[in-house]
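Below is the file start.cif, which contains mmCIF, C-alpha atoms.
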```cif
data_coords
#
loop_
_atom_site.group_PDB
_atom_site.id
_atom_site.type_symbol
_atom_site.label_atom_id
_atom_site.label_comp_id
_atom_site.auth_asym_id
_atom_site.auth_seq_id
_atom_site.Cartn_x
_atom_site.Cartn_y
_atom_site.Cartn_z
ATOM 1 C CA MET A 1 -68.348 -2.517 -0.200
ATOM 2 C CA ALA A 2 -67.677 -6.079 0.805
ATOM 3 C CA MET A 3 -65.969 -6.738 4.101
ATOM 4 C CA THR A 4 -62.843 -8.835 4.041
ATOM 5 C CA ASP A 5 -62.707 -11.985 6.140
ATOM 6 C CA GLU A 6 -60.218 -10.214 8.351
ATOM 7 C CA ASP A 7 -62.588 -7.285 8.934
ATOM 8 C CA GLU A 8 -65.394 -9.626 9.836
ATOM 9 C CA LEU A 9 -63.248 -11.464 12.296
ATOM 10 C CA GLU A 10 -62.084 -8.195 13.865
ATOM 11 C CA MET A 11 -65.706 -7.169 14.213
ATOM 12 C CA ILE A 12 -66.562 -10.324 16.110
ATOM 13 C CA PHE A 13 -63.445 -9.999 18.282
ATOM 14 C CA ALA A 14 -64.374 -6.403 19.121
ATOM 15 C CA GLN A 15 -67.865 -7.473 20.052
ATOM 16 C CA ALA A 16 -66.557 -10.231 22.302
ATOM 17 C CA ARG A 17 -64.092 -7.839 23.954
ATOM 18 C CA GLY A 18 -66.994 -5.540 24.754
ATOM 19 C CA LEU A 19 -68.581 -8.291 26.801
ATOM 20 C CA ARG A 20 -68.220 -7.408 30.487
ATOM 21 C CA PRO A 21 -70.501 -9.720 32.421
ATOM 22 C CA GLU A 22 -70.991 -8.976 36.106
ATOM 23 C CA PRO A 23 -71.353 -11.927 38.458
ATOM 24 C CA ASP A 24 -74.809 -11.968 40.050
ATOM 25 C CA ASP A 25 -75.500 -12.331 43.770
ATOM 26 C CA ASP A 26 -76.134 -16.056 43.500
ATOM 27 C CA LEU A 27 -72.760 -16.731 41.872
ATOM 28 C CA MET A 28 -70.965 -14.471 44.356
ATOM 29 C CA ALA A 29 -72.599 -16.343 47.244
ATOM 30 C CA ARG A 30 -71.510 -19.693 45.805
ATOM 31 C CA LEU A 31 -67.956 -18.446 45.288
ATOM 32 C CA MET A 32 -67.781 -17.047 48.805
ATOM 33 C CA ALA A 33 -69.101 -20.271 50.306
ATOM 34 C CA ASP A 34 -66.404 -22.223 48.422
ATOM 35 C CA ALA A 35 -63.724 -19.785 49.570
ATOM 36 C CA LEU A 36 -64.648 -20.057 53.234
ATOM 37 C CA ARG A 37 -65.074 -23.818 53.099
ATOM 38 C CA GLU A 38 -61.624 -24.277 51.538
ATOM 39 C CA MET A 39 -59.873 -21.682 53.700
ATOM 40 C CA PRO A 40 -56.981 -23.260 55.606
ATOM 41 C CA GLY A 41 -57.463 -23.360 59.350
ATOM 42 C CA THR A 42 -61.177 -22.835 59.112
ATOM 43 C CA VAL A 43 -63.257 -24.683 61.643
ATOM 44 C CA VAL A 44 -66.790 -24.713 60.419
ATOM 45 C CA ALA A 45 -68.921 -24.113 63.524
ATOM 46 C CA ALA A 46 -71.921 -26.397 63.560
ATOM 47 C CA PRO A 47 -75.091 -24.619 64.676
ATOM 48 C CA ARG A 48 -76.024 -25.484 68.294
ATOM 49 C CA PRO A 49 -79.272 -27.396 68.435
ATOM 50 C CA LYS A 50 -81.981 -26.454 70.936
ATOM 51 C CA PRO A 51 -82.062 -28.762 73.990
ATOM 52 C CA GLY A 52 -84.406 -31.680 73.406
ATOM 53 C CA TRP A 53 -85.446 -34.746 75.415
ATOM 54 C CA ARG A 54 -82.117 -36.414 74.656
ATOM 55 C CA ASP A 55 -80.297 -33.558 76.370
ATOM 56 C CA TRP A 56 -82.481 -33.895 79.470
ATOM 57 C CA MET A 57 -81.827 -37.625 79.494
ATOM 58 C CA ARG A 58 -78.094 -37.012 79.173
ATOM 59 C CA ALA A 59 -78.261 -34.512 82.044
ATOM 60 C CA LEU A 60 -79.867 -37.186 84.251
ATOM 61 C CA GLY A 61 -77.098 -39.652 83.494
ATOM 62 C CA GLY A 62 -78.206 -41.411 80.325
ATOM 63 C CA TRP A 63 -79.911 -44.774 79.912
ATOM 64 C CA PRO A 64 -78.352 -46.570 82.947
ATOM 65 C CA ALA A 65 -79.449 -43.830 85.340
ATOM 66 C CA LEU A 66 -82.833 -43.673 83.706
ATOM 67 C CA GLY A 67 -83.221 -47.447 84.123
ATOM 68 C CA GLY A 68 -82.557 -47.136 87.873
ATOM 69 C CA LEU A 69 -84.966 -44.237 88.104
ATOM 70 C CA ALA A 70 -87.682 -46.206 86.363
ATOM 71 C CA ALA A 71 -87.122 -49.253 88.612
ATOM 72 C CA ALA A 72 -87.330 -47.106 91.765
ATOM 73 C CA THR A 73 -90.532 -45.470 90.508
ATOM 74 C CA VAL A 74 -92.184 -48.798 89.806
ATOM 75 C CA ALA A 75 -91.068 -50.234 93.162
ATOM 76 C CA GLY A 76 -92.421 -47.209 95.035
ATOM 77 C CA PHE A 77 -95.696 -47.408 93.215
ATOM 78 C CA TRP A 78 -95.968 -51.115 93.945
ATOM 79 C CA ILE A 79 -95.199 -50.634 97.643
ATOM 80 C CA GLY A 80 -97.811 -47.938 97.895
ATOM 81 C CA LEU A 81 -100.409 -50.040 96.187
ATOM 82 C CA THR A 82 -99.942 -53.371 97.975
ATOM 83 C CA ALA A 83 -98.705 -52.337 101.463
ATOM 84 C CA PRO A 84 -96.578 -55.400 102.159
ATOM 85 C CA ALA A 85 -96.588 -56.669 105.744
ATOM 86 C CA GLY A 86 -92.939 -55.793 106.157
ATOM 87 C CA VAL A 87 -93.618 -52.097 105.822
ATOM 88 C CA SER A 88 -96.278 -51.881 108.586
ATOM 89 C CA ALA A 89 -94.057 -54.039 110.804
ATOM 90 C CA LEU A 90 -91.220 -51.559 110.292
ATOM 91 C CA ALA A 91 -93.305 -48.444 110.990
ATOM 92 C CA PRO A 92 -93.649 -48.814 114.817
ATOM 93 C CA GLY A 93 -89.892 -49.092 115.028
ATOM 94 C CA LEU A 94 -89.476 -45.806 113.236
ATOM 95 C CA TRP A 95 -92.312 -43.646 114.525
ATOM 96 C CA GLY A 96 -93.347 -45.337 117.841
ATOM 97 C CA GLU A 97 -95.937 -47.837 118.946
ATOM 98 C CA ASP A 98 -98.979 -45.693 118.619
ATOM 99 C CA VAL A 99 -98.519 -44.865 115.010
ATOM 100 C CA SER A 100 -100.741 -46.782 112.718
ATOM 101 C CA VAL A 101 -99.907 -46.849 109.120
ATOM 102 C CA ALA A 102 -102.477 -47.409 106.476
ATOM 103 C CA LEU A 103 -100.744 -47.969 103.217
ATOM 104 C CA GLY A 104 -103.368 -48.770 100.727
ATOM 105 C CA VAL A 105 -107.031 -49.363 100.701
ATOM 106 C CA ASP A 106 -107.827 -52.675 102.357
ATOM 107 C CA GLU A 107 -111.380 -51.870 103.329
ATOM 108 C CA ASP A 108 -114.450 -51.488 101.274
ATOM 109 C CA LEU A 109 -114.987 -47.746 100.882
ATOM 110 C CA LEU A 110 -118.675 -48.241 100.356
ATOM 111 C CA SER A 111 -119.085 -49.912 103.737
ATOM 112 C CA LEU A 112 -117.460 -46.859 105.407
ATOM 113 C CA LEU A 113 -119.977 -44.580 103.770
ATOM 114 C CA GLU A 114 -122.829 -46.754 104.904
ATOM 115 C CA GLY A 115 -121.628 -46.777 108.526
ATOM 116 C CA MET B 116 -47.794 -11.584 8.892
ATOM 117 C CA LEU B 117 -47.704 -8.951 11.591
ATOM 118 C CA ASP B 118 -50.612 -8.711 13.961
ATOM 119 C CA ALA B 119 -51.517 -5.195 14.917
ATOM 120 C CA GLY B 120 -53.634 -6.571 17.766
ATOM 121 C CA PRO B 121 -56.326 -4.828 19.728
ATOM 122 C CA PRO B 122 -55.745 -1.873 22.000
ATOM 123 C CA MET B 123 -54.646 -2.749 25.501
ATOM 124 C CA THR B 124 -57.340 -3.017 28.094
ATOM 125 C CA ASP B 125 -57.290 -0.989 31.283
ATOM 126 C CA LYS B 126 -56.248 -3.870 33.437
ATOM 127 C CA LEU B 127 -53.285 -4.585 31.217
ATOM 128 C CA ARG B 128 -52.202 -0.987 31.220
ATOM 129 C CA ALA B 129 -52.270 -1.211 35.006
ATOM 130 C CA MET B 130 -50.291 -4.444 34.812
ATOM 131 C CA ASP B 131 -47.673 -2.886 32.542
ATOM 132 C CA ALA B 132 -47.372 0.228 34.652
ATOM 133 C CA GLU B 133 -46.178 -1.846 37.577
ATOM 134 C CA PRO B 134 -42.417 -1.958 38.087
ATOM 135 C CA SER B 135 -40.434 -5.165 38.097
ATOM 136 C CA PRO B 136 -40.422 -7.172 40.336
ATOM 137 C CA PRO B 137 -44.118 -6.537 40.079
ATOM 138 C CA HIS B 138 -46.190 -6.022 43.165
ATOM 139 C CA ASP B 139 -49.095 -8.418 43.068
ATOM 140 C CA PRO B 140 -51.886 -7.306 45.405
ATOM 141 C CA ASP B 141 -53.838 -10.464 44.557
ATOM 142 C CA GLY B 142 -50.846 -12.555 45.609
ATOM 143 C CA ALA B 143 -50.671 -10.741 48.945
ATOM 144 C CA LEU B 144 -54.384 -11.321 49.468
ATOM 145 C CA LEU B 145 -53.999 -14.979 48.588
ATOM 146 C CA VAL B 146 -51.286 -15.402 51.218
ATOM 147 C CA ALA B 147 -53.555 -13.687 53.756
ATOM 148 C CA TYR B 148 -56.336 -16.059 52.714
ATOM 149 C CA ALA B 149 -54.037 -19.041 53.241
ATOM 150 C CA ASN B 150 -53.505 -17.735 56.785
ATOM 151 C CA GLY B 151 -57.224 -17.847 57.463
ATOM 152 C CA ASP B 152 -58.191 -14.240 56.694
ATOM 153 C CA ALA B 153 -61.868 -14.288 55.688
ATOM 154 C CA GLY B 154 -61.709 -10.617 54.691
ATOM 155 C CA ALA B 155 -59.035 -11.477 52.136
ATOM 156 C CA ALA B 156 -61.313 -14.205 50.784
ATOM 157 C CA ARG B 157 -64.104 -11.696 50.312
ATOM 158 C CA GLU B 158 -61.835 -9.205 48.591
ATOM 159 C CA LEU B 159 -60.365 -11.852 46.292
ATOM 160 C CA VAL B 160 -63.805 -13.033 45.225
ATOM 161 C CA ALA B 161 -64.877 -9.451 44.495
ATOM 162 C CA ARG B 162 -61.716 -8.712 42.503
ATOM 163 C CA LEU B 163 -61.293 -11.964 40.607
ATOM 164 C CA ALA B 164 -64.793 -13.263 39.868
ATOM 165 C CA PRO B 165 -65.635 -10.601 37.234
ATOM 166 C CA ARG B 166 -62.280 -11.153 35.483
ATOM 167 C CA VAL B 167 -62.649 -14.917 35.273
ATOM 168 C CA LEU B 168 -66.335 -14.777 34.361
ATOM 169 C CA GLY B 169 -65.552 -12.295 31.571
ATOM 170 C CA GLN B 170 -62.774 -14.414 30.089
ATOM 171 C CA ALA B 171 -64.916 -17.543 30.231
ATOM 172 C CA MET B 172 -67.920 -15.754 28.696
ATOM 173 C CA ARG B 173 -65.848 -14.414 25.812
ATOM 174 C CA MET B 174 -64.448 -17.867 25.063
ATOM 175 C CA LEU B 175 -67.585 -19.922 25.630
ATOM 176 C CA GLY B 176 -70.365 -17.520 24.653
ATOM 177 C CA ASP B 177 -72.568 -19.125 27.282
ATOM 178 C CA ARG B 178 -73.365 -17.639 30.669
ATOM 179 C CA ALA B 179 -74.162 -20.844 32.557
ATOM 180 C CA GLU B 180 -71.016 -22.565 31.365
ATOM 181 C CA ALA B 181 -68.937 -19.462 32.110
ATOM 182 C CA GLU B 182 -70.283 -19.427 35.671
ATOM 183 C CA ASP B 183 -69.370 -23.091 36.142
ATOM 184 C CA VAL B 184 -65.860 -22.373 34.895
ATOM 185 C CA THR B 185 -65.552 -19.381 37.230
ATOM 186 C CA GLN B 186 -66.486 -21.524 40.203
ATOM 187 C CA GLU B 187 -64.026 -24.241 39.190
ATOM 188 C CA VAL B 188 -61.160 -21.790 38.596
ATOM 189 C CA LEU B 189 -61.588 -20.117 41.971
ATOM 190 C CA LEU B 190 -61.942 -23.477 43.703
ATOM 191 C CA ARG B 191 -58.571 -24.445 42.252
ATOM 192 C CA LEU B 192 -57.118 -21.137 43.389
ATOM 193 C CA TRP B 193 -58.252 -21.727 46.992
ATOM 194 C CA ARG B 194 -56.626 -25.135 46.862
ATOM 195 C CA VAL B 195 -53.255 -23.870 45.663
ATOM 196 C CA ALA B 196 -53.324 -20.987 48.170
ATOM 197 C CA PRO B 197 -51.375 -22.812 50.929
ATOM 198 C CA ASP B 198 -48.515 -23.469 48.481
ATOM 199 C CA TRP B 199 -48.626 -20.051 46.815
ATOM 200 C CA ARG B 200 -45.207 -18.378 46.724
ATOM 201 C CA GLN B 201 -45.463 -14.672 46.297
ATOM 202 C CA GLY B 202 -43.108 -13.230 43.742
ATOM 203 C CA GLU B 203 -42.791 -16.469 41.753
ATOM 204 C CA ALA B 204 -46.049 -16.190 39.869
ATOM 205 C CA ARG B 205 -48.771 -13.618 39.488
ATOM 206 C CA VAL B 206 -52.316 -14.559 40.384
ATOM 207 C CA GLY B 207 -53.544 -12.822 37.215
ATOM 208 C CA THR B 208 -51.277 -14.921 34.986
ATOM 209 C CA TRP B 209 -52.311 -18.079 36.790
ATOM 210 C CA LEU B 210 -56.003 -17.203 36.357
ATOM 211 C CA PHE B 211 -55.630 -16.546 32.624
ATOM 212 C CA ARG B 212 -53.922 -19.941 32.230
ATOM 213 C CA VAL B 213 -56.359 -22.029 34.243
ATOM 214 C CA THR B 214 -59.424 -20.303 32.785
ATOM 215 C CA ALA B 215 -58.152 -20.740 29.212
ATOM 216 C CA ASN B 216 -57.438 -24.417 29.892
ATOM 217 C CA LEU B 217 -60.846 -25.122 31.404
ATOM 218 C CA CYS B 218 -62.564 -23.278 28.549
ATOM 219 C CA THR B 219 -60.768 -25.228 25.823
ATOM 220 C CA ASP B 220 -61.640 -28.433 27.726
ATOM 221 C CA ARG B 221 -65.290 -27.455 27.482
ATOM 222 C CA LEU B 222 -65.007 -26.463 23.830
ATOM 223 C CA ARG B 223 -63.446 -29.835 23.058
ATOM 224 C CA LYS B 224 -66.299 -31.660 24.776
ATOM 225 C CA ARG B 225 -68.791 -29.606 22.769
ATOM 226 C CA ARG B 226 -66.986 -30.498 19.569
ATOM 227 C CA ARG B 227 -67.369 -34.170 20.391
ATOM 228 C CA SER B 228 -71.075 -33.895 20.896
ATOM 229 C CA VAL B 229 -72.065 -31.374 18.185
ATOM 230 C CA ALA B 230 -70.801 -30.797 14.673
ATOM 231 C CA ILE B 231 -70.503 -27.117 13.775
ATOM 232 C CA GLU B 232 -73.168 -27.315 11.070
ATOM 233 C CA ASP B 233 -75.632 -28.633 13.630
ATOM 234 C CA VAL B 234 -75.120 -25.897 16.177
ATOM 235 C CA PRO B 235 -78.541 -24.861 17.414
ATOM 236 C CA GLU B 236 -79.683 -21.273 17.688
ATOM 237 C CA PRO B 237 -78.261 -19.613 20.775
ATOM 238 C CA PRO B 238 -80.595 -19.884 23.773
ATOM 239 C CA ASP B 239 -82.630 -17.047 25.299
ATOM 240 C CA SER B 240 -82.953 -15.149 22.052
ATOM 241 C CA ALA B 241 -86.093 -13.056 22.159
ATOM 242 C CA PRO B 242 -87.540 -12.792 18.645
ATOM 243 C CA SER B 243 -88.091 -9.046 19.027
ATOM 244 C CA ALA B 244 -84.492 -8.224 19.896
ATOM 245 C CA GLY B 245 -83.030 -8.794 16.448
ATOM 246 C CA ASP B 246 -79.727 -7.045 17.061
ATOM 247 C CA ARG B 247 -79.117 -8.776 20.338
ATOM 248 C CA MET B 248 -79.924 -12.090 18.738
ATOM 249 C CA GLN B 249 -77.426 -11.496 16.000
ATOM 250 C CA GLY B 250 -74.821 -10.411 18.536
ATOM 251 C CA GLU B 251 -75.375 -13.582 20.538
ATOM 252 C CA ALA B 252 -75.267 -15.655 17.379
ATOM 253 C CA ARG B 253 -71.889 -14.149 16.514
ATOM 254 C CA LEU B 254 -70.433 -14.819 19.938
ATOM 255 C CA HIS B 255 -71.795 -18.316 19.844
ATOM 256 C CA ALA B 256 -70.359 -18.878 16.373
ATOM 257 C CA LEU B 257 -67.013 -17.525 17.565
ATOM 258 C CA SER B 258 -66.878 -19.957 20.483
ATOM 259 C CA GLU B 259 -67.917 -22.841 18.250
ATOM 260 C CA ALA B 260 -65.182 -21.928 15.783
ATOM 261 C CA LEU B 261 -62.642 -21.667 18.610
ATOM 262 C CA GLY B 262 -63.686 -25.179 19.531
ATOM 263 C CA GLN B 263 -62.673 -26.367 16.070
ATOM 264 C CA LEU B 264 -59.098 -25.155 16.487
ATOM 265 C CA PRO B 265 -56.272 -27.078 18.101
ATOM 266 C CA GLU B 266 -56.400 -26.167 21.802
ATOM 267 C CA ARG B 267 -53.152 -24.195 21.926
ATOM 268 C CA GLN B 268 -54.179 -22.128 18.928
ATOM 269 C CA ALA B 269 -57.578 -21.441 20.432
ATOM 270 C CA GLN B 270 -55.987 -20.332 23.716
ATOM 271 C CA ALA B 271 -53.435 -18.086 22.013
ATOM 272 C CA VAL B 272 -56.048 -16.449 19.778
ATOM 273 C CA ALA B 273 -58.440 -15.917 22.677
ATOM 274 C CA LEU B 274 -55.758 -14.443 24.940
ATOM 275 C CA ARG B 275 -54.596 -12.132 22.169
ATOM 276 C CA HIS B 276 -57.819 -11.008 20.557
ATOM 277 C CA LEU B 277 -60.454 -11.479 23.256
ATOM 278 C CA GLU B 278 -58.396 -10.612 26.327
ATOM 279 C CA GLY B 279 -56.055 -8.161 24.613
ATOM 280 C CA LEU B 280 -52.828 -9.583 26.062
ATOM 281 C CA SER B 281 -49.485 -8.832 24.436
ATOM 282 C CA ASN B 282 -47.440 -11.666 22.979
ATOM 283 C CA PRO B 283 -44.899 -11.674 25.869
ATOM 284 C CA GLU B 284 -47.799 -11.854 28.332
ATOM 285 C CA ILE B 285 -49.366 -14.737 26.434
ATOM 286 C CA ALA B 286 -45.959 -16.442 26.427
ATOM 287 C CA MET B 287 -45.965 -16.266 30.234
ATOM 288 C CA VAL B 288 -49.539 -17.496 30.524
ATOM 289 C CA MET B 289 -48.972 -20.401 28.127
ATOM 290 C CA GLU B 290 -45.418 -21.069 29.314
ATOM 291 C CA VAL B 291 -43.968 -20.994 25.794
ATOM 292 C CA GLY B 292 -41.641 -18.681 23.874
ATOM 293 C CA VAL B 293 -42.835 -15.482 22.205
ATOM 294 C CA GLU B 294 -42.126 -16.935 18.732
ATOM 295 C CA ALA B 295 -44.375 -19.865 19.469
ATOM 296 C CA VAL B 296 -47.120 -17.445 20.510
ATOM 297 C CA GLU B 297 -46.772 -15.481 17.275
ATOM 298 C CA SER B 298 -47.056 -18.640 15.235
ATOM 299 C CA LEU B 299 -50.031 -19.955 17.247
ATOM 300 C CA THR B 300 -52.006 -16.713 17.019
ATOM 301 C CA ALA B 301 -51.324 -16.250 13.281
ATOM 302 C CA ARG B 302 -52.349 -19.795 12.379
ATOM 303 C CA GLY B 303 -55.295 -19.713 14.746
ATOM 304 C CA LYS B 304 -56.610 -16.464 13.361
ATOM 305 C CA ARG B 305 -56.395 -17.669 9.758
ATOM 306 C CA ALA B 306 -58.241 -20.854 10.652
ATOM 307 C CA LEU B 307 -60.933 -18.905 12.505
ATOM 308 C CA ALA B 308 -61.497 -16.581 9.547
ATOM 309 C CA ALA B 309 -61.927 -19.601 7.271
ATOM 310 C CA LEU B 310 -64.347 -21.288 9.689
ATOM 311 C CA LEU B 311 -66.529 -18.201 10.038
ATOM 312 C CA LYS B 312 -66.454 -17.356 6.332
ATOM 313 C CA GLY B 313 -69.200 -19.804 5.517
ATOM 314 C CA ARG B 314 -71.581 -18.258 8.047
ATOM 315 C CA LYS B 315 -71.665 -14.646 6.836
ATOM 316 C CA ALA B 316 -75.336 -14.405 5.986
ATOM 317 C CA GLU B 317 -76.371 -16.199 9.146
ATOM 318 C CA LEU B 318 -74.311 -13.881 11.311
ATOM 319 C CA GLY B 319 -75.587 -10.744 9.662
ATOM 320 C CA TYR B 320 -72.573 -9.223 7.979
ATOM 321 C CA GLY B 321 -73.013 -10.262 4.398
ATOM 322 C CA ASP B 322 -71.999 -8.038 1.460
ATOM 323 C CA ASP B 323 -73.563 -4.631 1.963
#
```
Rewrite the structure of this file - the entire thing - as structure tokens.
Amino acid sequence: MAMTDEDELEMIFAQARGLRPEPDDDLMARLMADALREMPGTVVAAPRPKPGWRDWMRALGGWPALGGLAAATVAGFWIGLTAPAGVSALAPGLWGEDVSVALGVDEDLLSLLEG
Amino acid sequence: MLDAGPPMTDKLRAMDAEPSPPHDPDGALLVAYANGDAGAARELVARLAPRVLGQAMRMLGDRAEAEDVTQEVLLRLWRVAPDWRQGEARVGTWLFRVTANLCTDRLRKRRRSVAIEDVPEPPDSAPSAGDRMQGEARLHALSEALGQLPERQAQAVALRHLEGLSNPEIAMVMEVGVEAVESLTARGKRALAALLKGRKAELGYGDD
């Protein structure tokens, strides 16, 4: 027996009504992420990064402080290496007459070994 | 012509059983969501996603597109949440409306790009699963035919025959009178029958 157009349509409708798709985990995760992002009064907490060299630098006082620190290091190194006359002249005043200060190597080490 | 219509679905029976003014648990959850309750968000997603996905699947006959629509509908819901006034509208009615609108938008875009005669075979059809293939082909043909109807007719027919809503419920969803709904569904159904008539053999229900 031939189906009427109406019957055919009802058959397709019934089939469509039987469709009950379940959202999968991926879709649910996307929907939940949207919901939380759009939720009024939500402050999205940014993950805290691990401390890196920038944090150490900031703790020391940033670039200006670091500049001073670098200058002091270089000056100290230079003083130690060249032993300017001013330093040995200052030493007796601080530690007494009989203190001799040798800041730097001004003798030939090889000659000491020979003697 | 009188439409006998399909039997009511469970969710509609539940809807009808509620006294007036109807208590809308989804509305209460939405207000909680608007106040920053993440638990309400989770519950709303769990309750609403299957409903919206189902409606979109039945209208579009395409899983990927139905998922996109679901995401868009819920995104819109989150955005109206702060202005939601409980008691004025039901979340369920709102969802039916927005989902139907987004689906007919998609059907219209399809119509622009593909003529019905050129509709390709539905995707993911395993050659061995003959029955499933035919079932998918029917659903696909139904959504293509819905896309050929004027949008309001397509929405009314889908709400009536795919979602199983009563005419007064459709009137609320579509914000028109019940008489307008009756006219839209009757004309829409006739047009659908005519559109699908030419595809009998292809859809596997020829004279037998």
Residue hits in chain A, query chain B, radius 8 Å, all atoms listed in the file, as a VMD selection string: chain A and resid 1 to 3 5 to 6 8 to 9 12 to 17 19 to 23 27 to 28 30 to 32 34 to 36 38 to 42
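Computed from the coordinates, the atom CA of B:Ala147 to atom CA of B:Val288 distance equals 23.9 Å.
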Coordinates-based distance that separates atom CA of B:Val291 from atom CA of B:Val213 (Å, one decimal):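 Result for atom CA of B:Val213 versus atom CA of B:Val291: 15.0 Å, one decimal.
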Distance in Å - atom CA of A:Trp63 versus atom CA of A:Trp78: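 These two atoms are separated by 22.2 Å.
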What are the centre and edge lengths in Å, to one decimal, of the axis-aligned box around all listed atoms of stretch 207-221 of chain B with 4 Å added on each side, as AutoDock Vina command-line options?
```
--center_x -58.3 --center_y -20.6 --center_z 31.5 --size_x 22.0 --size_y 23.6 --size_z 19.4
```
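Distance check against B:Arg221 using all atoms listed in the file: of B:Pro140, B:Gly303, B:Pro283, B:Gly262, the minimum falls on B:Gly262.
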The PyMOL selection byres ((chain B and resi 142) around 9) resolved against shown file, as a count of residues only: 17
For B:Gln268: contacts at 7 Å, only C-alpha atoms, fewer than 2 positions along chain excluded, given as a PyMOL selection string: chain B and resi 264-266+270-272+299-300+303
